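Take a look at the structure below.
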Amino acid sequence: MKDKVQQAVGGAREKLGDVTGNRRLRASGRAQRRTAQVREVAHDLRDKASGVIRDVQSRRRPERPTDPR
């Protein structure tokens, strides 16, 4: 969620820079937006990789023998 907020803030700064003709503001907004996009993708990949690892680990675990009591 934090990354989405940073993308929105960066996009707003970028547009404000466009409207005012302020190249520094536009560039910093673009950088902020793109950095947040990269972080979001990285978090998504990390979450997907964690899920795959959990699936593989659960398949590789041998079943425990039942207690014959």
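Residues are named by chain letter and number: chains run A, B, ... in the order of the structure tokens, numbers start at 1 in each chain, and ligands are numbered from 1 in the order shown.
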For Lys2 in chain A, find every residue with an atom within 9 Å (counting only C-alpha atoms), except residues of its own chain fewer than 2 positions away, and show them as a list in words.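 The neighbour list is Lys4, Val5, Gln6, Gln7, Ala36 and Glu40 of chain A.
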Dump as a PDB file, in the first residue's frame, selection limited to N, CA and C atoms:
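This went into again-v8.pdb:
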ATOM      1  N   LYS A   4       1.928   2.230  -3.465  1.00  0.00           N
ATOM      2  CA  LYS A   4       0.866   2.869  -4.246  1.00  0.00           C
ATOM      3  C   LYS A   4       0.753   4.348  -3.896  1.00  0.00           C
ATOM      4  N   VAL A   5       0.879   4.656  -2.619  1.00  0.00           N
ATOM      5  CA  VAL A   5       0.815   6.058  -2.183  1.00  0.00           C
ATOM      6  C   VAL A   5       1.988   6.835  -2.776  1.00  0.00           C
ATOM      7  N   GLN A   6       3.174   6.246  -2.723  1.00  0.00           N
ATOM      8  CA  GLN A   6       4.352   6.915  -3.283  1.00  0.00           C
ATOM      9  C   GLN A   6       4.222   7.111  -4.791  1.00  0.00           C
ATOM     10  N   GLN A   7       3.593   6.151  -5.474  1.00  0.00           N
ATOM     11  CA  GLN A   7       3.361   6.301  -6.906  1.00  0.00           C
ATOM     12  C   GLN A   7       2.429   7.472  -7.174  1.00  0.00           C
ATOM     13  N   ALA A  36       8.864   3.780  -6.756  1.00  0.00           N
ATOM     14  CA  ALA A  36       7.773   3.102  -6.067  1.00  0.00           C
ATOM     15  C   ALA A  36       7.242   1.940  -6.913  1.00  0.00           C
ATOM     16  N   GLU A  40       7.214  -1.951  -5.728  1.00  0.00           N
ATOM     17  CA  GLU A  40       5.981  -2.736  -5.718  1.00  0.00           C
ATOM     18  C   GLU A  40       6.167  -4.060  -6.453  1.00  0.00           C
TER      19      GLU A  40
END
What lies within 9 Å of Arg26 in chain A using only C-alpha atoms, ignoring chain neighbours under 4 positions off, as a list in words? Gly10, Gly11, Arg13, Glu14, Lys15, Leu16, Gly17, Asp18, Gly21, Asn22, Arg30 and Ala31 of chain A
Give the alpha helix (DSSP H) residues of chain A, as assigned by DSSP on the backbone, as a CSV table (one decimal) with all heavy atoms, in the first residue's frame.
chain,number,residue,atom,x,y,z
A,2,LYS,N,2.0,1.2,0.7
A,2,LYS,CA,2.9,2.3,0.8
A,2,LYS,C,3.4,2.7,-0.6
A,2,LYS,O,3.5,3.9,-0.9
A,2,LYS,CB,4.0,2.0,1.8
A,2,LYS,CG,5.0,3.1,1.9
A,2,LYS,CD,6.1,2.6,2.9
A,2,LYS,CE,7.3,3.6,2.9
A,2,LYS,NZ,8.4,3.2,3.7
A,3,ASP,N,3.7,1.7,-1.4
A,3,ASP,CA,4.2,1.9,-2.7
A,3,ASP,C,3.2,2.6,-3.6
A,3,ASP,O,3.5,3.5,-4.4
A,3,ASP,CB,4.7,0.6,-3.3
A,3,ASP,CG,5.8,-0.1,-2.6
A,3,ASP,OD1,6.7,0.7,-2.0
A,3,ASP,OD2,5.8,-1.3,-2.4
A,4,LYS,N,1.9,2.2,-3.5
A,4,LYS,CA,0.9,2.9,-4.2
A,4,LYS,C,0.8,4.3,-3.9
A,4,LYS,O,0.6,5.2,-4.8
A,4,LYS,CB,-0.5,2.2,-4.0
A,4,LYS,CG,-0.6,0.8,-4.6
A,4,LYS,CD,-0.7,0.9,-6.1
A,4,LYS,CE,-1.0,-0.4,-6.7
A,4,LYS,NZ,-1.0,-0.4,-8.1
A,5,VAL,N,0.9,4.7,-2.6
A,5,VAL,CA,0.8,6.1,-2.2
A,5,VAL,C,2.0,6.8,-2.8
A,5,VAL,O,1.8,8.0,-3.3
A,5,VAL,CB,0.8,6.1,-0.6
A,5,VAL,CG1,1.0,7.6,-0.2
A,5,VAL,CG2,-0.5,5.5,-0.1
A,6,GLN,N,3.2,6.2,-2.7
A,6,GLN,CA,4.4,6.9,-3.3
A,6,GLN,C,4.2,7.1,-4.8
A,6,GLN,O,4.7,8.1,-5.3
A,6,GLN,CB,5.6,6.1,-3.0
A,6,GLN,CG,6.0,6.2,-1.5
A,6,GLN,CD,6.3,7.6,-1.0
A,6,GLN,OE1,7.0,8.4,-1.7
A,6,GLN,NE2,5.7,8.0,0.1
A,7,GLN,N,3.6,6.2,-5.5
A,7,GLN,CA,3.4,6.3,-6.9
A,7,GLN,C,2.4,7.5,-7.2
A,7,GLN,O,2.7,8.3,-8.1
A,7,GLN,CB,2.8,5.0,-7.5
A,7,GLN,CG,3.7,3.9,-7.6
A,7,GLN,CD,3.1,2.6,-8.2
A,7,GLN,OE1,2.2,2.7,-9.1
A,7,GLN,NE2,3.4,1.5,-7.6
A,8,ALA,N,1.4,7.6,-6.4
A,8,ALA,CA,0.4,8.7,-6.6
A,8,ALA,C,1.1,10.0,-6.3
A,8,ALA,O,0.9,11.0,-7.0
A,8,ALA,CB,-0.8,8.5,-5.6
A,9,VAL,N,1.8,10.1,-5.2
A,9,VAL,CA,2.5,11.4,-4.9
A,9,VAL,C,3.5,11.7,-5.9
A,9,VAL,O,3.6,12.9,-6.4
A,9,VAL,CB,3.2,11.3,-3.5
A,9,VAL,CG1,4.1,12.5,-3.2
A,9,VAL,CG2,2.2,11.1,-2.4
A,10,GLY,N,4.3,10.8,-6.4
A,10,GLY,CA,5.2,11.0,-7.5
A,10,GLY,C,4.6,11.5,-8.8
A,10,GLY,O,5.0,12.4,-9.4
A,11,GLY,N,3.4,10.8,-9.1
A,11,GLY,CA,2.7,11.2,-10.3
A,11,GLY,C,2.1,12.6,-10.2
A,11,GLY,O,2.2,13.4,-11.1
A,12,ALA,N,1.7,13.0,-9.0
A,12,ALA,CA,1.2,14.4,-8.8
A,12,ALA,C,2.3,15.4,-8.9
A,12,ALA,O,2.1,16.4,-9.5
A,12,ALA,CB,0.5,14.4,-7.4
A,13,ARG,N,3.4,15.1,-8.3
A,13,ARG,CA,4.6,16.0,-8.4
A,13,ARG,C,5.0,16.1,-9.9
A,13,ARG,O,5.3,17.2,-10.3
A,13,ARG,CB,5.7,15.5,-7.6
A,13,ARG,CG,5.5,15.6,-6.1
A,13,ARG,CD,6.6,15.0,-5.3
A,13,ARG,NE,7.8,15.7,-5.4
A,13,ARG,CZ,9.0,15.3,-5.0
A,13,ARG,NH1,9.1,14.1,-4.3
A,13,ARG,NH2,10.1,16.0,-5.1
A,14,GLU,N,5.0,15.0,-10.6
A,14,GLU,CA,5.4,15.1,-12.0
A,14,GLU,C,4.4,15.9,-12.8
A,14,GLU,O,4.9,16.8,-13.6
A,14,GLU,CB,5.4,13.6,-12.5
A,14,GLU,CG,5.9,13.5,-13.9
A,14,GLU,CD,6.0,12.1,-14.4
A,14,GLU,OE1,5.6,11.1,-13.7
A,14,GLU,OE2,6.5,11.9,-15.5
A,15,LYS,N,3.1,15.8,-12.6
A,15,LYS,CA,2.2,16.6,-13.3
A,15,LYS,C,2.2,18.1,-12.9
A,15,LYS,O,2.1,18.9,-13.7
A,15,LYS,CB,0.8,16.0,-13.0
A,15,LYS,CG,0.5,14.8,-13.8
A,15,LYS,CD,-0.9,14.2,-13.6
A,15,LYS,CE,-1.0,12.9,-14.3
A,15,LYS,NZ,-2.3,12.3,-14.2
A,16,LEU,N,2.5,18.3,-11.6
A,16,LEU,CA,2.6,19.7,-11.2
A,16,LEU,C,3.8,20.3,-11.8
A,16,LEU,O,3.8,21.5,-12.2
A,16,LEU,CB,2.7,19.7,-9.6
A,16,LEU,CG,2.8,21.1,-9.0
A,16,LEU,CD1,1.5,21.9,-9.3
A,16,LEU,CD2,3.0,21.0,-7.5
A,17,GLY,N,4.9,19.6,-11.9
A,17,GLY,CA,6.1,20.1,-12.6
A,17,GLY,C,5.8,20.4,-14.1
A,17,GLY,O,6.3,21.3,-14.7
A,18,ASP,N,5.0,19.5,-14.8
A,18,ASP,CA,4.6,19.8,-16.1
A,18,ASP,C,3.8,21.1,-16.3
A,18,ASP,O,4.0,21.9,-17.1
A,18,ASP,CB,3.7,18.6,-16.7
A,18,ASP,CG,4.5,17.4,-17.1
A,18,ASP,OD1,5.7,17.6,-17.4
A,18,ASP,OD2,4.0,16.3,-17.2
A,19,VAL,N,2.8,21.2,-15.4
A,19,VAL,CA,1.9,22.4,-15.4
A,19,VAL,C,2.7,23.7,-15.2
A,19,VAL,O,2.5,24.7,-15.9
A,19,VAL,CB,0.8,22.2,-14.4
A,19,VAL,CG1,0.0,23.5,-14.3
A,19,VAL,CG2,-0.1,21.1,-14.8
A,20,THR,N,3.6,23.7,-14.2
A,20,THR,CA,4.3,24.9,-13.9
A,20,THR,C,5.6,25.1,-14.7
A,20,THR,O,6.2,26.1,-14.6
A,20,THR,CB,4.7,24.8,-12.4
A,20,THR,OG1,5.6,23.7,-12.1
A,20,THR,CG2,3.5,24.8,-11.5
A,23,ARG,N,11.2,21.8,-14.3
A,23,ARG,CA,11.8,20.5,-14.7
A,23,ARG,C,12.3,19.7,-13.6
A,23,ARG,O,12.2,18.5,-13.6
A,23,ARG,CB,12.9,20.8,-15.7
A,23,ARG,CG,12.4,21.2,-17.1
A,23,ARG,CD,13.6,21.2,-18.1
A,23,ARG,NE,14.2,22.5,-18.0
A,23,ARG,CZ,15.4,22.8,-18.6
A,23,ARG,NH1,16.0,21.9,-19.2
A,23,ARG,NH2,15.8,24.0,-18.5
A,24,ARG,N,12.8,20.4,-12.5
A,24,ARG,CA,13.3,19.6,-11.4
A,24,ARG,C,12.1,18.9,-10.7
A,24,ARG,O,12.3,17.8,-10.2
A,24,ARG,CB,14.0,20.6,-10.4
A,24,ARG,CG,15.3,21.0,-10.8
A,24,ARG,CD,16.0,21.8,-9.7
A,24,ARG,NE,17.2,22.3,-10.1
A,24,ARG,CZ,18.0,23.2,-9.5
A,24,ARG,NH1,17.6,23.6,-8.3
A,24,ARG,NH2,19.1,23.6,-9.9
A,25,LEU,N,11.0,19.6,-10.5
A,25,LEU,CA,9.9,19.0,-9.8
A,25,LEU,C,9.4,17.8,-10.7
A,25,LEU,O,9.0,16.7,-10.1
A,25,LEU,CB,8.8,20.0,-9.6
A,25,LEU,CG,7.5,19.5,-8.8
A,25,LEU,CD1,7.9,19.1,-7.4
A,25,LEU,CD2,6.5,20.7,-8.7
A,26,ARG,N,9.3,18.0,-12.0
A,26,ARG,CA,8.8,16.9,-12.9
A,26,ARG,C,9.8,15.7,-12.8
A,26,ARG,O,9.3,14.6,-12.7
A,26,ARG,CB,8.7,17.4,-14.3
A,26,ARG,CG,8.2,16.4,-15.2
A,26,ARG,CD,8.0,16.9,-16.6
A,26,ARG,NE,9.3,17.2,-17.2
A,26,ARG,CZ,9.6,18.2,-18.0
A,26,ARG,NH1,8.7,19.0,-18.4
A,26,ARG,NH2,10.8,18.3,-18.5
A,27,ALA,N,11.1,16.0,-12.8
A,27,ALA,CA,12.0,14.9,-12.8
A,27,ALA,C,12.0,14.2,-11.4
A,27,ALA,O,12.1,12.9,-11.4
A,27,ALA,CB,13.4,15.4,-13.0
A,28,SER,N,11.9,14.9,-10.3
A,28,SER,CA,11.9,14.3,-9.0
A,28,SER,C,10.6,13.5,-8.8
A,28,SER,O,10.6,12.4,-8.2
A,28,SER,CB,12.0,15.3,-7.9
A,28,SER,OG,10.9,16.1,-7.8
A,29,GLY,N,9.5,14.0,-9.4
A,29,GLY,CA,8.2,13.2,-9.3
A,29,GLY,C,8.3,11.9,-10.1
A,29,GLY,O,7.8,10.9,-9.7
A,30,ARG,N,8.9,12.0,-11.3
A,30,ARG,CA,9.0,10.8,-12.1
A,30,ARG,C,9.9,9.8,-11.5
A,30,ARG,O,9.6,8.6,-11.4
A,30,ARG,CB,9.6,11.2,-13.5
A,30,ARG,CG,9.8,10.0,-14.4
A,30,ARG,CD,10.4,10.4,-15.8
A,30,ARG,NE,9.6,11.4,-16.4
A,30,ARG,CZ,10.1,12.5,-17.0
A,30,ARG,NH1,11.4,12.7,-17.0
A,30,ARG,NH2,9.3,13.3,-17.6
A,31,ALA,N,11.0,10.3,-10.9
A,31,ALA,CA,11.9,9.3,-10.1
A,31,ALA,C,11.2,8.7,-9.0
A,31,ALA,O,11.3,7.5,-8.7
A,31,ALA,CB,13.1,10.1,-9.7
A,32,GLN,N,10.4,9.5,-8.2
A,32,GLN,CA,9.7,8.9,-7.1
A,32,GLN,C,8.7,7.9,-7.5
A,32,GLN,O,8.5,6.8,-6.9
A,32,GLN,CB,9.0,10.1,-6.3
A,32,GLN,CG,8.3,9.6,-5.1
A,32,GLN,CD,7.6,10.8,-4.3
A,32,GLN,OE1,7.7,11.9,-4.8
A,32,GLN,NE2,7.1,10.5,-3.2
A,33,ARG,N,7.9,8.2,-8.6
A,33,ARG,CA,6.9,7.3,-9.1
A,33,ARG,C,7.5,6.0,-9.6
A,33,ARG,O,7.1,4.9,-9.3
A,33,ARG,CB,6.1,8.0,-10.2
A,33,ARG,CG,5.0,7.1,-10.8
A,33,ARG,CD,4.2,7.9,-11.9
A,33,ARG,NE,5.0,8.5,-12.9
A,33,ARG,CZ,5.5,7.8,-14.0
A,33,ARG,NH1,5.2,6.6,-14.1
A,33,ARG,NH2,6.2,8.4,-14.9
A,34,ARG,N,8.6,6.1,-10.3
A,34,ARG,CA,9.2,4.9,-10.9
A,34,ARG,C,9.9,4.0,-9.8
A,34,ARG,O,9.9,2.8,-9.9
A,34,ARG,CB,10.2,5.3,-12.0
A,34,ARG,CG,9.5,5.8,-13.2
A,34,ARG,CD,10.5,6.0,-14.3
A,34,ARG,NE,9.8,6.4,-15.5
A,34,ARG,CZ,10.3,6.9,-16.6
A,34,ARG,NH1,11.6,7.1,-16.6
A,34,ARG,NH2,9.6,7.2,-17.6
A,35,THR,N,10.5,4.7,-8.8
A,35,THR,CA,11.1,3.9,-7.7
A,35,THR,C,10.0,3.2,-7.0
A,35,THR,O,10.2,2.0,-6.6
A,35,THR,CB,11.8,4.9,-6.8
A,35,THR,OG1,12.8,5.6,-7.5
A,35,THR,CG2,12.4,4.2,-5.6
A,36,ALA,N,8.9,3.8,-6.8
A,36,ALA,CA,7.8,3.1,-6.1
A,36,ALA,C,7.2,1.9,-6.9
A,36,ALA,O,6.9,0.9,-6.4
A,36,ALA,CB,6.6,4.1,-5.7
A,37,GLN,N,7.2,2.1,-8.2
A,37,GLN,CA,6.8,1.0,-9.1
A,37,GLN,C,7.7,-0.2,-9.0
A,37,GLN,O,7.3,-1.3,-8.9
A,37,GLN,CB,6.7,1.5,-10.6
A,37,GLN,CG,5.5,2.4,-10.8
A,37,GLN,CD,5.6,3.0,-12.2
A,37,GLN,OE1,6.6,3.1,-12.8
A,37,GLN,NE2,4.4,3.4,-12.7
A,38,VAL,N,9.0,0.1,-9.0
A,38,VAL,CA,10.0,-1.0,-8.9
A,38,VAL,C,9.9,-1.7,-7.6
A,38,VAL,O,9.9,-2.9,-7.5
A,38,VAL,CB,11.4,-0.4,-9.1
A,38,VAL,CG1,12.5,-1.4,-8.8
A,38,VAL,CG2,11.6,0.0,-10.6
A,39,ARG,N,9.7,-0.9,-6.5
A,39,ARG,CA,9.5,-1.6,-5.2
A,39,ARG,C,8.3,-2.4,-5.1
A,39,ARG,O,8.3,-3.5,-4.5
A,39,ARG,CB,9.5,-0.5,-4.1
A,39,ARG,CG,10.8,0.1,-3.8
A,39,ARG,CD,10.8,1.1,-2.7
A,39,ARG,NE,12.1,1.7,-2.5
A,39,ARG,CZ,12.3,2.8,-1.8
A,39,ARG,NH1,11.3,3.4,-1.3
A,39,ARG,NH2,13.5,3.2,-1.6
A,40,GLU,N,7.2,-2.0,-5.7
A,40,GLU,CA,6.0,-2.7,-5.7
A,40,GLU,C,6.2,-4.1,-6.5
A,40,GLU,O,5.8,-5.1,-6.0
A,40,GLU,CB,4.8,-1.9,-6.4
A,40,GLU,CG,3.5,-2.7,-6.3
A,40,GLU,CD,2.4,-1.9,-7.0
A,40,GLU,OE1,2.7,-0.9,-7.7
A,40,GLU,OE2,1.3,-2.3,-6.7
A,41,VAL,N,6.8,-4.0,-7.6
A,41,VAL,CA,7.1,-5.2,-8.4
A,41,VAL,C,8.0,-6.2,-7.6
A,41,VAL,O,7.8,-7.4,-7.5
A,41,VAL,CB,7.7,-4.9,-9.7
A,41,VAL,CG1,8.2,-6.2,-10.4
A,41,VAL,CG2,6.7,-4.2,-10.6
A,42,ALA,N,9.0,-5.6,-6.9
A,42,ALA,CA,9.9,-6.4,-6.1
A,42,ALA,C,9.1,-7.1,-5.0
A,42,ALA,O,9.4,-8.3,-4.7
A,42,ALA,CB,11.0,-5.6,-5.6
A,43,HIS,N,8.2,-6.4,-4.3
A,43,HIS,CA,7.5,-7.0,-3.2
A,43,HIS,C,6.5,-8.1,-3.7
A,43,HIS,O,6.4,-9.1,-3.1
A,43,HIS,CB,6.6,-5.9,-2.5
A,43,HIS,CG,7.4,-5.0,-1.7
A,43,HIS,ND1,7.2,-3.6,-1.6
A,43,HIS,CD2,8.5,-5.2,-0.9
A,43,HIS,CE1,8.0,-3.0,-0.8
A,43,HIS,NE2,8.9,-4.0,-0.4
A,44,ASP,N,5.9,-7.8,-4.9
A,44,ASP,CA,5.1,-8.9,-5.5
A,44,ASP,C,5.9,-10.1,-5.8
A,44,ASP,O,5.4,-11.2,-5.6
A,44,ASP,CB,4.4,-8.3,-6.8
A,44,ASP,CG,3.4,-7.3,-6.5
A,44,ASP,OD1,2.9,-7.1,-5.3
A,44,ASP,OD2,2.9,-6.6,-7.4
A,45,LEU,N,7.0,-9.9,-6.4
A,45,LEU,CA,7.9,-11.1,-6.7
A,45,LEU,C,8.3,-11.9,-5.5
A,45,LEU,O,8.3,-13.1,-5.4
A,45,LEU,CB,9.1,-10.7,-7.5
A,45,LEU,CG,8.9,-10.3,-8.9
A,45,LEU,CD1,10.2,-9.7,-9.5
A,45,LEU,CD2,8.4,-11.4,-9.8
A,46,ARG,N,8.7,-11.1,-4.4
A,46,ARG,CA,9.0,-11.7,-3.2
A,46,ARG,C,7.9,-12.6,-2.6
A,46,ARG,O,8.1,-13.7,-2.1
A,46,ARG,CB,9.5,-10.7,-2.2
A,46,ARG,CG,10.0,-11.3,-0.8
A,46,ARG,CD,10.2,-10.2,0.2
A,46,ARG,NE,8.9,-9.6,0.5
A,46,ARG,CZ,8.7,-8.4,1.1
A,46,ARG,NH1,9.7,-7.7,1.4
A,46,ARG,NH2,7.5,-8.0,1.3
A,47,ASP,N,6.7,-12.0,-2.6
A,47,ASP,CA,5.5,-12.7,-2.1
A,47,ASP,C,5.2,-14.0,-2.9
A,47,ASP,O,4.9,-15.0,-2.4
A,47,ASP,CB,4.3,-11.8,-2.1
A,47,ASP,CG,4.4,-10.7,-1.1
A,47,ASP,OD1,5.3,-10.7,-0.2
A,47,ASP,OD2,3.7,-9.7,-1.2
A,48,LYS,N,5.3,-13.9,-4.2
A,48,LYS,CA,5.1,-15.0,-5.1
A,48,LYS,C,6.2,-16.1,-4.8
A,48,LYS,O,5.9,-17.3,-4.8
A,48,LYS,CB,5.1,-14.6,-6.5
A,48,LYS,CG,3.8,-13.9,-6.9
A,48,LYS,CD,3.8,-13.5,-8.4
A,48,LYS,CE,2.6,-12.7,-8.7
A,48,LYS,NZ,2.5,-12.3,-10.1
A,49,ALA,N,7.4,-15.7,-4.7
A,49,ALA,CA,8.5,-16.7,-4.5
A,49,ALA,C,8.3,-17.3,-3.1
A,49,ALA,O,8.5,-18.6,-3.0
A,49,ALA,CB,9.8,-16.0,-4.5
A,50,SER,N,7.9,-16.6,-2.1
A,50,SER,CA,7.6,-17.2,-0.8
A,50,SER,C,6.5,-18.3,-0.9
A,50,SER,O,6.6,-19.3,-0.3
A,50,SER,CB,7.2,-16.1,0.2
A,50,SER,OG,8.3,-15.2,0.4
A,51,GLY,N,5.5,-18.0,-1.7
A,51,GLY,CA,4.4,-18.9,-1.8
A,51,GLY,C,4.9,-20.2,-2.5
A,51,GLY,O,4.5,-21.3,-2.2
A,52,VAL,N,5.7,-20.0,-3.6
A,52,VAL,CA,6.2,-21.2,-4.3
A,52,VAL,C,7.1,-22.0,-3.4
A,52,VAL,O,7.0,-23.3,-3.3
A,52,VAL,CB,7.0,-20.7,-5.5
A,52,VAL,CG1,7.8,-21.9,-6.1
A,52,VAL,CG2,6.1,-20.1,-6.6
A,53,ILE,N,7.9,-21.4,-2.6
A,53,ILE,CA,8.8,-22.1,-1.7
A,53,ILE,C,8.0,-22.9,-0.6
A,53,ILE,O,8.3,-24.0,-0.3
A,53,ILE,CB,9.8,-21.1,-1.0
A,53,ILE,CG1,10.8,-20.6,-2.0
A,53,ILE,CG2,10.5,-21.8,0.2
A,53,ILE,CD1,11.7,-19.5,-1.5
A,54,ARG,N,6.9,-22.2,-0.1
A,54,ARG,CA,6.1,-22.9,0.9
A,54,ARG,C,5.4,-24.1,0.2
A,54,ARG,O,5.3,-25.2,0.8
A,54,ARG,CB,5.0,-22.0,1.4
A,54,ARG,CG,5.4,-21.3,2.6
A,54,ARG,CD,4.3,-20.5,3.2
A,54,ARG,NE,4.6,-19.1,2.8
A,54,ARG,CZ,3.7,-18.3,2.1
A,54,ARG,NH1,2.6,-18.7,1.8
A,54,ARG,NH2,4.0,-17.1,1.8
A,55,ASP,N,4.9,-24.0,-1.0
A,55,ASP,CA,4.3,-25.1,-1.7
A,55,ASP,C,5.3,-26.3,-1.9
A,55,ASP,O,5.0,-27.4,-1.7
A,55,ASP,CB,3.8,-24.7,-3.1
A,55,ASP,CG,2.6,-23.8,-3.0
A,55,ASP,OD1,1.9,-23.8,-1.9
A,55,ASP,OD2,2.2,-23.2,-4.0
A,56,VAL,N,6.5,-26.0,-2.3
A,56,VAL,CA,7.5,-27.0,-2.6
A,56,VAL,C,7.9,-27.7,-1.3
A,56,VAL,O,8.0,-28.9,-1.2
A,56,VAL,CB,8.8,-26.4,-3.2
A,56,VAL,CG1,9.9,-27.4,-3.2
A,56,VAL,CG2,8.4,-26.0,-4.7
A,57,GLN,N,8.0,-26.9,-0.2
A,57,GLN,CA,8.4,-27.5,1.1
A,57,GLN,C,7.3,-28.4,1.6
A,57,GLN,O,7.6,-29.4,2.2
A,57,GLN,CB,8.7,-26.4,2.1
A,57,GLN,CG,10.0,-25.7,1.9
A,57,GLN,CD,10.3,-24.6,2.8
A,57,GLN,OE1,9.4,-24.0,3.4
A,57,GLN,NE2,11.5,-24.2,2.9
A,58,SER,N,6.0,-28.0,1.4
A,58,SER,CA,5.0,-28.8,1.9
A,58,SER,C,4.8,-30.1,1.1
A,58,SER,O,4.4,-31.1,1.7
A,58,SER,CB,3.6,-28.1,1.9
A,58,SER,OG,3.2,-27.8,0.5
A,59,ARG,N,5.2,-30.1,-0.1
A,59,ARG,CA,5.2,-31.3,-0.9
A,59,ARG,C,6.3,-32.3,-0.6
A,59,ARG,O,6.2,-33.5,-0.7
A,59,ARG,CB,5.2,-31.0,-2.4
A,59,ARG,CG,4.0,-30.3,-2.9
A,59,ARG,CD,4.1,-30.0,-4.3
A,59,ARG,NE,2.9,-29.2,-4.7
A,59,ARG,CZ,2.9,-28.5,-5.8
A,59,ARG,NH1,3.9,-28.5,-6.7
A,59,ARG,NH2,1.8,-27.7,-6.1
A,60,ARG,N,7.4,-31.7,-0.2
A,60,ARG,CA,8.6,-32.6,0.1
A,60,ARG,C,8.6,-33.2,1.5
A,60,ARG,O,9.4,-34.1,1.8
A,60,ARG,CB,9.9,-31.7,-0.1
A,60,ARG,CG,10.0,-31.3,-1.5
A,60,ARG,CD,11.4,-30.7,-1.7
A,60,ARG,NE,12.4,-31.7,-1.7
A,60,ARG,CZ,13.6,-31.5,-1.4
A,60,ARG,NH1,14.1,-30.3,-1.1
A,60,ARG,NH2,14.5,-32.5,-1.3
